[in-house]
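Asker: Before anything else, here's the structure in question.
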Amino acid sequence: MKAEFSKIWDVVRMRSLRARIFLILVLIGTVPSVFMESVIVSAYQKRAVEQRSAVVQNQLKILANHLITNEFLTDYNPNSPKKQRSHEIIEAELEMLANLYEGRVMIIGGNYKVLLDTYNISEGKTMISEEVVKCFKGENLSNYDSEHGYIEMTTPIVNTADDGDSLIRGVMLTSISDSVIISMMKVLNRNALSLEIVTIILVIVFSYIISGILTGPFERITKAIGAIRAGYTNEPVSVYSYTETKHISDAFNQLLSKMKVVDDSRKEFVSNVSHELKTPLTSMKVLSDSLLADPDAPAELYREFMQDIGSEIDRENRIITDLLALTKMDMNSSDINISSVDIGELAETILKRLRPIARKKDVELVLEENREITADVDEVKMSLIMTNLVENAIKYNKEHGTVRVLIDGDIQNFIFRVEDTGCGIPEESLPFIYDRFYRVDKSHSREIGGTGLGLAITRSAVLLHRGTIEAESTEGSGSIFTVTIPLSYVGD
Ligand code: ADP
């Protein structure tokens, strides 16, 4: 219900792509057609007015000729019996014209006097309107007054002499009703409106369908992702209808496989941790069981087994300490405690601490400081990096071997390099040495107290400092580990 409401709300706020496409299509479909229809209707109205005016003008011109031939203007005397007959005919013709077009015709003489008015209102009055004056000057006018519903026009009554000279003797001022045009326009408007309604309905239906088809692939992507999220399937999303949906599908699939890798490595890590923690426990159990099984076991055997149990406890302790260090390192960089550290001094302290172990194997520790380096680092993590690398170089060294530690740098980074003369690392193992619990030679590493976590911890600490770690090795003759770290710490 809530989801439905938020869907509708999104549509109302035009946040839905489908709603936007729908609206755009409706606008594109309806606005031009409504506009075109109104243009066509008004053009038709204009044309109808022009046509009607032209027809009336023609008839008025014929009448104007009659007026001239019957000397209506030059000799207008309604009381003269001789003229009466012909004038009556003209008056009847004008009356007929006025009735036919539901209008009014006025004949205005040269002195602006109204000689005849089919409404019989203005006869004898003077009519000096702008239109009449202009018509006397030879300018024909035709105006449509849509507000009052009539077309007004002026027609000159021209007398052309035998020598070709023409003289405007009078003006016919005519106004006719537009009722025929209006009733025609009403029918036309009604038809146009029906057509518009049909067009709008069709456009809305069409836009609804098209917007649905166009946004369909996005709906399909959402459904496919929803199915994966719900756990129905693990199939990759493959909606390739558009380039955009292809990009989304590909990006999602990449994310999915990345999450799978993370999940797999988490599972592997948990199983490795369990296994590593179980091994010392199993040894201790075996040792204690064998002591319990033999009630007459001598005290020396007890001491020996108890020593073994003690070293297994130490081992368990080391694994847990390393695991805690690793998880701490993995958490985030906000844990980092940066201060200005003299790298040479720190290295000297570390080497001093490790010298007793080196001495046991008669391994020589050499420190070469090419430059005095002071860098912004986390001192604890930096000493962890140095300790792990130098400790490994001693552990995996041969008797009477050498460990050479080099400190160097440029204006941006400093280098901490540890070179040993030990057993080296096979080339195929090099890519895995930073993996948790990875050991080239499991039994040897365990014998010398390795947990397989040292280099994983070292790498995490280097990465926290935005540095890099590289290993080169020749099997049988030694390894070189090079750590490069920026002199100034660059945070997130
Ligand atoms: P461990 O605690 O077993 O030493 P590390 O993570 O420190 O674990 O190292 C992983 C593995 O890489 C080791 O088990 C060892 O086989 C190999 N390795 C690390 N450093 C060296 C080195 N200097 N010389 C030879 N092998 C090394």
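Ordering of the structure tokens sets the chain letters (A, B, ...); residue numbers start at 1 within each chain; ligands are numbered from 1 in the order shown.
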Which chain A residues have any atom within 6 Å of an atom of ligand 1, and for each, what is the nearest pair of atoms with distance in Å to one decimal, counting only C-alpha atoms and all ligand atoms, rows sorted by chain and number, as a Markdown table?

Answerer:
```
| residue | atom | partner | partner_atom_place_in_ligand_line | distance |
| --- | --- | --- | --- | --- |
| A:Asn392 | CA | ligand 1 | 20 (N) | 4.7 |
| A:Ala393 | CA | ligand 1 | 23 (N) | 4.0 |
| A:Tyr396 | CA | ligand 1 | 24 (N) | 4.8 |
| A:Gly422 | CA | ligand 1 | 24 (N) | 5.8 |
| A:Cys423 | CA | ligand 1 | 25 (C) | 5.5 |
| A:Gly424 | CA | ligand 1 | 25 (C) | 4.3 |
| A:Ile425 | CA | ligand 1 | 26 (N) | 4.9 |
| A:Ile433 | CA | ligand 1 | 12 (O) | 4.7 |
| A:Tyr434 | CA | ligand 1 | 6 (O) | 6.0 |
| A:Tyr438 | CA | ligand 1 | 10 (C) | 5.5 |
| A:Arg439 | CA | ligand 1 | 14 (O) | 3.3 |
| A:Val440 | CA | ligand 1 | 16 (O) | 3.7 |
| A:Asp441 | CA | ligand 1 | 16 (O) | 5.3 |
| A:Ser445 | CA | ligand 1 | 3 (O) | 4.9 |
| A:Gly450 | CA | ligand 1 | 2 (O) | 3.2 |
| A:Thr451 | CA | ligand 1 | 2 (O) | 3.9 |
| A:Gly452 | CA | ligand 1 | 8 (O) | 3.2 |
| A:Leu453 | CA | ligand 1 | 6 (O) | 4.3 |
| A:Gly454 | CA | ligand 1 | 7 (O) | 3.6 |
| A:Leu455 | CA | ligand 1 | 6 (O) | 3.6 |
| A:Ala456 | CA | ligand 1 | 6 (O) | 5.6 |
| A:Ser479 | CA | ligand 1 | 23 (N) | 5.5 |
```

Asker: Next, the residues of the selection above should be written as a PDB file, in the first residue's frame with N, CA and C atoms.

Answerer:
```pdb
ATOM      1  N   ASN A 392      60.751 -11.768   9.034  1.00  0.00           N
ATOM      2  CA  ASN A 392      60.670 -12.780   7.959  1.00  0.00           C
ATOM      3  C   ASN A 392      62.050 -12.996   7.342  1.00  0.00           C
ATOM      4  N   ALA A 393      62.761 -11.857   7.114  1.00  0.00           N
ATOM      5  CA  ALA A 393      64.083 -11.959   6.481  1.00  0.00           C
ATOM      6  C   ALA A 393      65.038 -12.774   7.351  1.00  0.00           C
ATOM      7  N   TYR A 396      63.410 -16.717   7.459  1.00  0.00           N
ATOM      8  CA  TYR A 396      63.566 -17.521   6.240  1.00  0.00           C
ATOM      9  C   TYR A 396      64.989 -17.416   5.671  1.00  0.00           C
ATOM     10  N   GLY A 422      68.173 -15.546   2.110  1.00  0.00           N
ATOM     11  CA  GLY A 422      67.517 -16.776   2.527  1.00  0.00           C
ATOM     12  C   GLY A 422      67.098 -17.697   1.398  1.00  0.00           C
ATOM     13  N   CYS A 423      66.037 -18.459   1.711  1.00  0.00           N
ATOM     14  CA  CYS A 423      65.611 -19.504   0.782  1.00  0.00           C
ATOM     15  C   CYS A 423      64.891 -18.949  -0.450  1.00  0.00           C
ATOM     16  N   GLY A 424      64.419 -17.711  -0.348  1.00  0.00           N
ATOM     17  CA  GLY A 424      63.701 -17.129  -1.482  1.00  0.00           C
ATOM     18  C   GLY A 424      62.278 -17.666  -1.595  1.00  0.00           C
ATOM     19  N   ILE A 425      61.540 -17.086  -2.534  1.00  0.00           N
ATOM     20  CA  ILE A 425      60.134 -17.488  -2.720  1.00  0.00           C
ATOM     21  C   ILE A 425      59.969 -17.922  -4.178  1.00  0.00           C
ATOM     22  N   ILE A 433      51.651 -14.349  -1.521  1.00  0.00           N
ATOM     23  CA  ILE A 433      52.283 -14.250  -0.193  1.00  0.00           C
ATOM     24  C   ILE A 433      51.560 -13.272   0.734  1.00  0.00           C
ATOM     25  N   TYR A 434      50.733 -12.345   0.157  1.00  0.00           N
ATOM     26  CA  TYR A 434      50.034 -11.388   1.023  1.00  0.00           C
ATOM     27  C   TYR A 434      48.671 -11.927   1.461  1.00  0.00           C
ATOM     28  N   TYR A 438      48.505 -17.713   3.992  1.00  0.00           N
ATOM     29  CA  TYR A 438      49.269 -18.357   2.919  1.00  0.00           C
ATOM     30  C   TYR A 438      50.713 -18.545   3.377  1.00  0.00           C
ATOM     31  N   ARG A 439      51.221 -19.743   3.180  1.00  0.00           N
ATOM     32  CA  ARG A 439      52.649 -20.004   3.455  1.00  0.00           C
ATOM     33  C   ARG A 439      53.182 -20.846   2.317  1.00  0.00           C
ATOM     34  N   VAL A 440      54.403 -20.529   1.922  1.00  0.00           N
ATOM     35  CA  VAL A 440      54.989 -21.291   0.819  1.00  0.00           C
ATOM     36  C   VAL A 440      55.212 -22.734   1.287  1.00  0.00           C
ATOM     37  N   ASP A 441      55.851 -22.853   2.439  1.00  0.00           N
ATOM     38  CA  ASP A 441      56.088 -24.193   2.986  1.00  0.00           C
ATOM     39  C   ASP A 441      55.433 -24.238   4.363  1.00  0.00           C
ATOM     40  N   SER A 445      57.155 -23.143   7.913  1.00  0.00           N
ATOM     41  CA  SER A 445      56.699 -21.880   8.472  1.00  0.00           C
ATOM     42  C   SER A 445      56.168 -22.093   9.895  1.00  0.00           C
ATOM     43  N   GLY A 450      55.578 -19.250  12.291  1.00  0.00           N
ATOM     44  CA  GLY A 450      54.806 -18.346  11.417  1.00  0.00           C
ATOM     45  C   GLY A 450      53.305 -18.627  11.499  1.00  0.00           C
ATOM     46  N   THR A 451      52.531 -17.557  11.389  1.00  0.00           N
ATOM     47  CA  THR A 451      51.072 -17.735  11.407  1.00  0.00           C
ATOM     48  C   THR A 451      50.486 -17.594  10.004  1.00  0.00           C
ATOM     49  N   GLY A 452      51.273 -17.092   9.071  1.00  0.00           N
ATOM     50  CA  GLY A 452      50.767 -16.860   7.706  1.00  0.00           C
ATOM     51  C   GLY A 452      49.988 -15.556   7.608  1.00  0.00           C
ATOM     52  N   LEU A 453      50.057 -14.747   8.667  1.00  0.00           N
ATOM     53  CA  LEU A 453      49.299 -13.482   8.659  1.00  0.00           C
ATOM     54  C   LEU A 453      50.210 -12.260   8.576  1.00  0.00           C
ATOM     55  N   GLY A 454      51.510 -12.475   8.798  1.00  0.00           N
ATOM     56  CA  GLY A 454      52.461 -11.358   8.876  1.00  0.00           C
ATOM     57  C   GLY A 454      52.426 -10.435   7.659  1.00  0.00           C
ATOM     58  N   LEU A 455      52.528 -11.000   6.451  1.00  0.00           N
ATOM     59  CA  LEU A 455      52.573 -10.148   5.251  1.00  0.00           C
ATOM     60  C   LEU A 455      51.208  -9.518   4.963  1.00  0.00           C
ATOM     61  N   ALA A 456      50.103 -10.226   5.337  1.00  0.00           N
ATOM     62  CA  ALA A 456      48.760  -9.643   5.148  1.00  0.00           C
ATOM     63  C   ALA A 456      48.643  -8.396   6.012  1.00  0.00           C
ATOM     64  N   SER A 479      65.445 -12.809  -1.011  1.00  0.00           N
ATOM     65  CA  SER A 479      64.273 -12.007  -1.405  1.00  0.00           C
ATOM     66  C   SER A 479      64.518 -10.546  -1.090  1.00  0.00           C
TER      67      SER A 479
END
```

Asker: List as a list in words the protein and nucleic acid residues near range 87-95 of chain A, meaning an atom at most 8 Å away when only C-alpha atoms are counted, but skip any in the same chain fewer than 4 places from it.

Answerer: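 Using only C-alpha atoms, the neighbours found are Leu63, His66, Leu67, Asn70, Phe72, Pro78, Lys83, Asn99, Val105 and Thr118 of chain A.
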
Asker: Calculated over only C-alpha atoms, which of the candidates A:Phe437, A:Phe416, A:Phe218, A:Trp9 has the smallest distance to Ile480 in chain A?

Answerer: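 Under the stated criterion, the closest residue is A:Phe416.
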
Asker: Among range 66-174 of chain A, which ones does DSSP place in strand (DSSP E), written as a PyMOL selection string?

Answerer: chain A and resi 103-108+114-117+142-145+150-160+166-174

Asker: Taking 3 positions as the minimum chain separation for residues in the same chain, which residues sit within 7 Å of range 41-51 of chain A when counting only C-alpha atoms? Answer as a VMD selection string.

Answerer: chain A and resid 37 to 38 54 to 55 181 185

Asker: Counting only C-alpha atoms, which residue out of A:Ile411, A:Leu301, A:Asp420, A:Asn388 sits closest to Glu372 in chain A?

Answerer: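 Once distances to Glu372 in chain A are computed over only C-alpha atoms, the minimum belongs to A:Ile411.
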
Asker: What lies within 12 Å of His148 in chain A using only C-alpha atoms, ignoring chain neighbours under 6 positions off, as a ChimeraX atom specification?

Answerer: /A:175-179,182

Asker: Mind writing the picked residues with N, CA and C atoms as a short mmCIF file (atom, residue, chain, number, x, y, z; two decimals), in the first residue's frame?

Answerer:
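Result file out-v4.cif:
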```
data_model
loop_
_atom_site.label_atom_id
_atom_site.label_comp_id
_atom_site.auth_asym_id
_atom_site.auth_seq_id
_atom_site.Cartn_x
_atom_site.Cartn_y
_atom_site.Cartn_z
N SER A 175 -23.49 47.93 -44.77
CA SER A 175 -23.06 46.99 -43.72
C SER A 175 -23.95 45.75 -43.81
N ILE A 176 -23.29 44.59 -43.78
CA ILE A 176 -24.06 43.34 -43.87
C ILE A 176 -23.76 42.47 -42.65
N SER A 177 -24.75 41.66 -42.32
CA SER A 177 -24.60 40.82 -41.12
C SER A 177 -23.64 39.64 -41.41
N ASP A 178 -22.95 39.20 -40.36
CA ASP A 178 -22.06 38.04 -40.54
C ASP A 178 -22.73 36.75 -40.04
N SER A 179 -24.06 36.81 -39.87
CA SER A 179 -24.74 35.66 -39.25
C SER A 179 -24.51 34.35 -40.02
N ILE A 182 -21.10 33.23 -39.16
CA ILE A 182 -21.06 32.76 -37.75
C ILE A 182 -21.67 31.37 -37.63
#
```

Asker: Might you pull out every residue within 12 Å of Ala325 in chain A, with only C-alpha atoms counted and same-chain residues fewer than 2 positions away left off, and present them as a tab-separated table (two decimals) with all heavy atoms, in the first residue's frame?

Answerer:
```
chain	number	residue	atom	x	y	z
A	318	ARG	N	49.62	-16.23	19.52
A	318	ARG	CA	50.19	-15.45	18.41
A	318	ARG	C	49.16	-15.28	17.30
A	318	ARG	O	49.00	-14.20	16.74
A	318	ARG	CB	51.44	-16.17	17.87
A	318	ARG	CG	52.71	-15.43	18.24
A	318	ARG	CD	53.91	-15.87	17.45
A	318	ARG	NE	53.95	-17.27	17.07
A	318	ARG	CZ	54.47	-18.25	17.80
A	318	ARG	NH1	54.97	-18.00	19.00
A	318	ARG	NH2	54.49	-19.49	17.35
A	319	ILE	N	48.48	-16.39	17.00
A	319	ILE	CA	47.47	-16.33	15.91
A	319	ILE	C	46.39	-15.31	16.27
A	319	ILE	O	46.01	-14.45	15.46
A	319	ILE	CB	46.85	-17.71	15.65
A	319	ILE	CG1	47.91	-18.70	15.15
A	319	ILE	CG2	45.72	-17.61	14.63
A	319	ILE	CD1	47.43	-20.13	15.01
A	320	ILE	N	45.92	-15.39	17.53
A	320	ILE	CA	44.84	-14.47	17.94
A	320	ILE	C	45.34	-13.02	17.90
A	320	ILE	O	44.64	-12.13	17.40
A	320	ILE	CB	44.30	-14.86	19.33
A	320	ILE	CG1	43.57	-16.21	19.23
A	320	ILE	CG2	43.35	-13.80	19.88
A	320	ILE	CD1	43.21	-16.85	20.54
A	321	THR	N	46.57	-12.79	18.36
A	321	THR	CA	47.12	-11.42	18.34
A	321	THR	C	47.21	-10.91	16.90
A	321	THR	O	46.82	-9.77	16.61
A	321	THR	CB	48.54	-11.40	18.97
A	321	THR	OG1	48.49	-12.14	20.18
A	321	THR	CG2	49.01	-10.01	19.23
A	322	ASP	N	47.72	-11.77	16.00
A	322	ASP	CA	47.83	-11.37	14.59
A	322	ASP	C	46.46	-11.10	13.97
A	322	ASP	O	46.28	-10.14	13.22
A	322	ASP	CB	48.55	-12.47	13.79
A	322	ASP	CG	50.07	-12.34	13.93
A	322	ASP	OD1	50.50	-11.42	14.64
A	322	ASP	OD2	50.80	-13.17	13.34
A	323	LEU	N	45.51	-11.97	14.31
A	323	LEU	CA	44.16	-11.78	13.75
A	323	LEU	C	43.56	-10.46	14.22
A	323	LEU	O	42.96	-9.72	13.43
A	323	LEU	CB	43.23	-12.92	14.20
A	323	LEU	CG	43.27	-14.18	13.34
A	323	LEU	CD1	42.44	-15.26	13.98
A	323	LEU	CD2	42.76	-13.89	11.93
A	327	THR	N	42.36	-7.42	11.77
A	327	THR	CA	41.00	-6.86	11.74
A	327	THR	C	41.04	-5.37	12.07
A	327	THR	O	40.30	-4.59	11.48
A	327	THR	CB	40.03	-7.56	12.72
A	327	THR	OG1	40.80	-8.15	13.75
A	327	THR	CG2	39.19	-8.59	12.06
A	328	LYS	N	41.90	-4.99	12.97
A	328	LYS	CA	42.02	-3.58	13.33
A	328	LYS	C	42.46	-2.78	12.10
A	328	LYS	O	41.93	-1.71	11.81
A	328	LYS	CB	43.08	-3.43	14.42
A	328	LYS	CG	42.58	-2.64	15.60
A	328	LYS	CD	43.68	-2.51	16.59
A	328	LYS	CE	43.23	-1.76	17.80
A	328	LYS	NZ	44.28	-1.71	18.78
A	329	MET	N	43.43	-3.35	11.39
A	329	MET	CA	43.98	-2.70	10.21
A	329	MET	C	42.92	-2.60	9.10
A	329	MET	O	42.88	-1.64	8.36
A	329	MET	CB	45.15	-3.54	9.70
A	329	MET	CG	46.21	-2.74	9.03
A	329	MET	SD	47.24	-1.97	10.25
A	329	MET	CE	48.15	-3.38	10.83
A	330	ASP	N	42.08	-3.62	9.01
A	330	ASP	CA	41.07	-3.67	7.96
A	330	ASP	C	39.94	-2.68	8.19
A	330	ASP	O	39.23	-2.32	7.28
A	330	ASP	CB	40.46	-5.08	7.86
A	330	ASP	CG	41.33	-5.95	6.97
A	330	ASP	OD1	42.27	-5.40	6.39
A	330	ASP	OD2	41.06	-7.16	6.87
A	331	MET	N	39.75	-2.31	9.45
A	331	MET	CA	38.57	-1.52	9.76
A	331	MET	C	38.49	-0.24	8.93
A	331	MET	O	37.77	-0.17	7.97
A	331	MET	CB	38.54	-1.21	11.24
A	331	MET	CG	37.79	-2.28	11.99
A	331	MET	SD	37.45	-1.68	13.58
A	331	MET	CE	38.01	-3.00	14.58
A	335	ASP	N	41.46	4.98	12.21
A	335	ASP	CA	42.24	4.43	13.32
A	335	ASP	C	43.70	4.88	13.29
A	335	ASP	O	44.45	4.60	14.21
A	335	ASP	CB	42.25	2.90	13.19
A	335	ASP	CG	41.28	2.30	14.19
A	335	ASP	OD1	40.60	3.08	14.86
A	335	ASP	OD2	41.22	1.06	14.26
A	380	VAL	N	53.22	3.13	15.33
A	380	VAL	CA	52.97	1.74	15.72
A	380	VAL	C	52.86	0.86	14.48
A	380	VAL	O	53.46	-0.22	14.39
A	380	VAL	CB	51.67	1.65	16.56
A	380	VAL	CG1	51.36	0.21	16.92
A	380	VAL	CG2	51.80	2.51	17.80
A	381	LYS	N	52.12	1.36	13.48
A	381	LYS	CA	51.92	0.55	12.27
A	381	LYS	C	53.20	0.45	11.46
A	381	LYS	O	53.51	-0.58	10.88
A	381	LYS	CB	50.78	1.14	11.42
A	381	LYS	CG	49.45	0.96	12.13
A	381	LYS	CD	48.28	1.42	11.32
A	381	LYS	CE	46.98	1.11	12.02
A	381	LYS	NZ	46.67	1.96	13.16
A	384	LEU	N	55.30	-2.09	12.94
A	384	LEU	CA	54.76	-3.41	12.60
A	384	LEU	C	55.26	-3.85	11.22
A	384	LEU	O	55.68	-4.99	11.01
A	384	LEU	CB	53.23	-3.31	12.60
A	384	LEU	CG	52.45	-4.56	12.93
A	384	LEU	CD1	52.77	-5.01	14.34
A	384	LEU	CD2	50.96	-4.27	12.79
A	385	ILE	N	55.25	-2.89	10.27
A	385	ILE	CA	55.71	-3.17	8.90
A	385	ILE	C	57.18	-3.61	8.96
A	385	ILE	O	57.57	-4.65	8.42
A	385	ILE	CB	55.57	-1.91	8.00
A	385	ILE	CG1	54.10	-1.52	7.83
A	385	ILE	CG2	56.24	-2.14	6.63
A	385	ILE	CD1	53.87	-0.19	7.15
A	453	LEU	N	50.06	-14.75	8.67
A	453	LEU	CA	49.30	-13.48	8.66
A	453	LEU	C	50.21	-12.26	8.58
A	453	LEU	O	49.75	-11.16	8.30
A	453	LEU	CB	48.45	-13.38	9.93
A	453	LEU	CG	47.30	-14.38	10.05
A	453	LEU	CD1	46.72	-14.34	11.45
A	453	LEU	CD2	46.21	-14.08	9.04
A	454	GLY	N	51.51	-12.48	8.80
A	454	GLY	CA	52.46	-11.36	8.88
A	454	GLY	C	52.43	-10.44	7.66
A	454	GLY	O	52.26	-9.22	7.80
A	455	LEU	N	52.53	-11.00	6.45
A	455	LEU	CA	52.57	-10.15	5.25
A	455	LEU	C	51.21	-9.52	4.96
A	455	LEU	O	51.14	-8.41	4.42
A	455	LEU	CB	53.06	-10.95	4.04
A	455	LEU	CG	54.57	-11.22	4.01
A	455	LEU	CD1	54.97	-11.99	2.75
A	455	LEU	CD2	55.36	-9.91	4.07
A	456	ALA	N	50.10	-10.23	5.34
A	456	ALA	CA	48.76	-9.64	5.15
A	456	ALA	C	48.64	-8.40	6.01
A	456	ALA	O	48.15	-7.35	5.55
A	456	ALA	CB	47.69	-10.66	5.52
A	457	ILE	N	49.14	-8.50	7.25
A	457	ILE	CA	49.11	-7.34	8.17
A	457	ILE	C	49.99	-6.22	7.60
A	457	ILE	O	49.59	-5.06	7.55
A	457	ILE	CB	49.61	-7.74	9.58
A	457	ILE	CG1	48.65	-8.76	10.21
A	457	ILE	CG2	49.77	-6.53	10.47
A	457	ILE	CD1	49.16	-9.39	11.49
A	458	THR	N	51.19	-6.59	7.14
A	458	THR	CA	52.14	-5.60	6.60
A	458	THR	C	51.51	-4.85	5.43
A	458	THR	O	51.55	-3.62	5.37
A	458	THR	CB	53.42	-6.31	6.12
A	458	THR	OG1	53.89	-7.13	7.18
A	458	THR	CG2	54.48	-5.34	5.70
A	460	SER	N	48.31	-4.44	4.65
A	460	SER	CA	47.22	-3.56	5.10
A	460	SER	C	47.77	-2.27	5.69
A	460	SER	O	47.26	-1.18	5.42
A	460	SER	CB	46.37	-4.26	6.16
A	460	SER	OG	45.74	-5.37	5.61
A	461	ALA	N	48.85	-2.41	6.49
A	461	ALA	CA	49.43	-1.22	7.13
A	461	ALA	C	50.03	-0.29	6.07
A	461	ALA	O	49.89	0.93	6.16
A	461	ALA	CB	50.50	-1.64	8.13
```

Asker: Would you please extract all alpha helix (DSSP H) residues from range 70-213 of chain A, as assigned by DSSP on the backbone, and give them as a ChimeraX atom specification?

Answerer: /A:81-100,130-136,179-213

Asker: Name the residues in contact with Ser290 in chain A at a cut-off of 12 Å, using only C-alpha atoms, excluding same-chain residues fewer than 4 positions from it; report them as an NGL selection string.

Answerer: :A and (283-286 or 294-297 or 301-302 or 305-306)

Asker: Atoms to include: C-alpha atoms. Write the selected residues as an mmCIF file, in the first residue's frame.

Answerer:
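Written file, selection_14.cif:
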```
data_model
loop_
_atom_site.group_PDB
_atom_site.id
_atom_site.type_symbol
_atom_site.label_atom_id
_atom_site.label_comp_id
_atom_site.auth_asym_id
_atom_site.auth_seq_id
_atom_site.Cartn_x
_atom_site.Cartn_y
_atom_site.Cartn_z
ATOM 1 C CA SER A 283 47.780 -30.943 19.478
ATOM 2 C CA MET A 284 47.072 -30.013 23.098
ATOM 3 C CA LYS A 285 44.204 -32.507 23.244
ATOM 4 C CA VAL A 286 46.426 -35.282 21.842
ATOM 5 C CA ASP A 294 49.204 -43.637 30.799
ATOM 6 C CA PRO A 295 48.786 -43.364 34.615
ATOM 7 C CA ASP A 296 52.409 -44.431 35.143
ATOM 8 C CA ALA A 297 53.929 -41.812 32.879
ATOM 9 C CA LEU A 301 57.340 -37.074 30.099
ATOM 10 C CA TYR A 302 54.853 -34.841 31.929
ATOM 11 C CA PHE A 305 54.373 -32.710 27.190
ATOM 12 C CA MET A 306 53.526 -29.710 29.323
#
```

Asker: Kindly give the distance, in Å, that separates CA of Ile485 in chain A and CA of Ile336 in chain A, rounded to a single decimal.

Answerer: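 Going from CA of Ile485 in chain A over to CA of Ile336 in chain A, I get 14.5 Å.
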
Asker: Looking at A:Ile157, A:Leu25, A:Leu351, A:Ile357, which one is nearest to Arg404 in chain A, with distances taken over only C-alpha atoms?

Answerer: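 Closest to Arg404 in chain A, using only C-alpha atoms: A:Leu351.
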
Asker: One number please: CA of Ser249 in chain A to CA of Val237 in chain A, in Å, one decimal.

Answerer: 5.4 Å

Asker: Residues near Leu116 in chain A, anyone? I mean within 7 Å using only C-alpha atoms, not counting same-chain ones fewer than 6 positions away, as number ranges by chain.

Answerer: A: 106-107, 123

Asker: Just checking: using only C-alpha atoms, which residue out of A:Ala230, A:Pro298, A:Ile108, A:Asp408 ends up closest to Ser122 in chain A?

Answerer: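 So, comparing all the options, the nearest one is A:Ile108.
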
Asker: Using only C-alpha atoms, which of the listed residues (A:Lys267, A:Lys360, A:Arg15, A:Arg353) sits closest to Ser383 in chain A?

Answerer: A:Arg353

Asker: Separation of CA of Thr279 in chain A and CA of Asn317 in chain A, in Å?

Answerer: 12.5 Å

Asker: Could you check the closest approach to Leu167 in chain A for each of A:Ile8, A:Leu326, A:Cys135, A:Val26 and tell me which residue wins, using only C-alpha atoms?

Answerer: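 Once distances to Leu167 in chain A are computed over only C-alpha atoms, the minimum belongs to A:Cys135.
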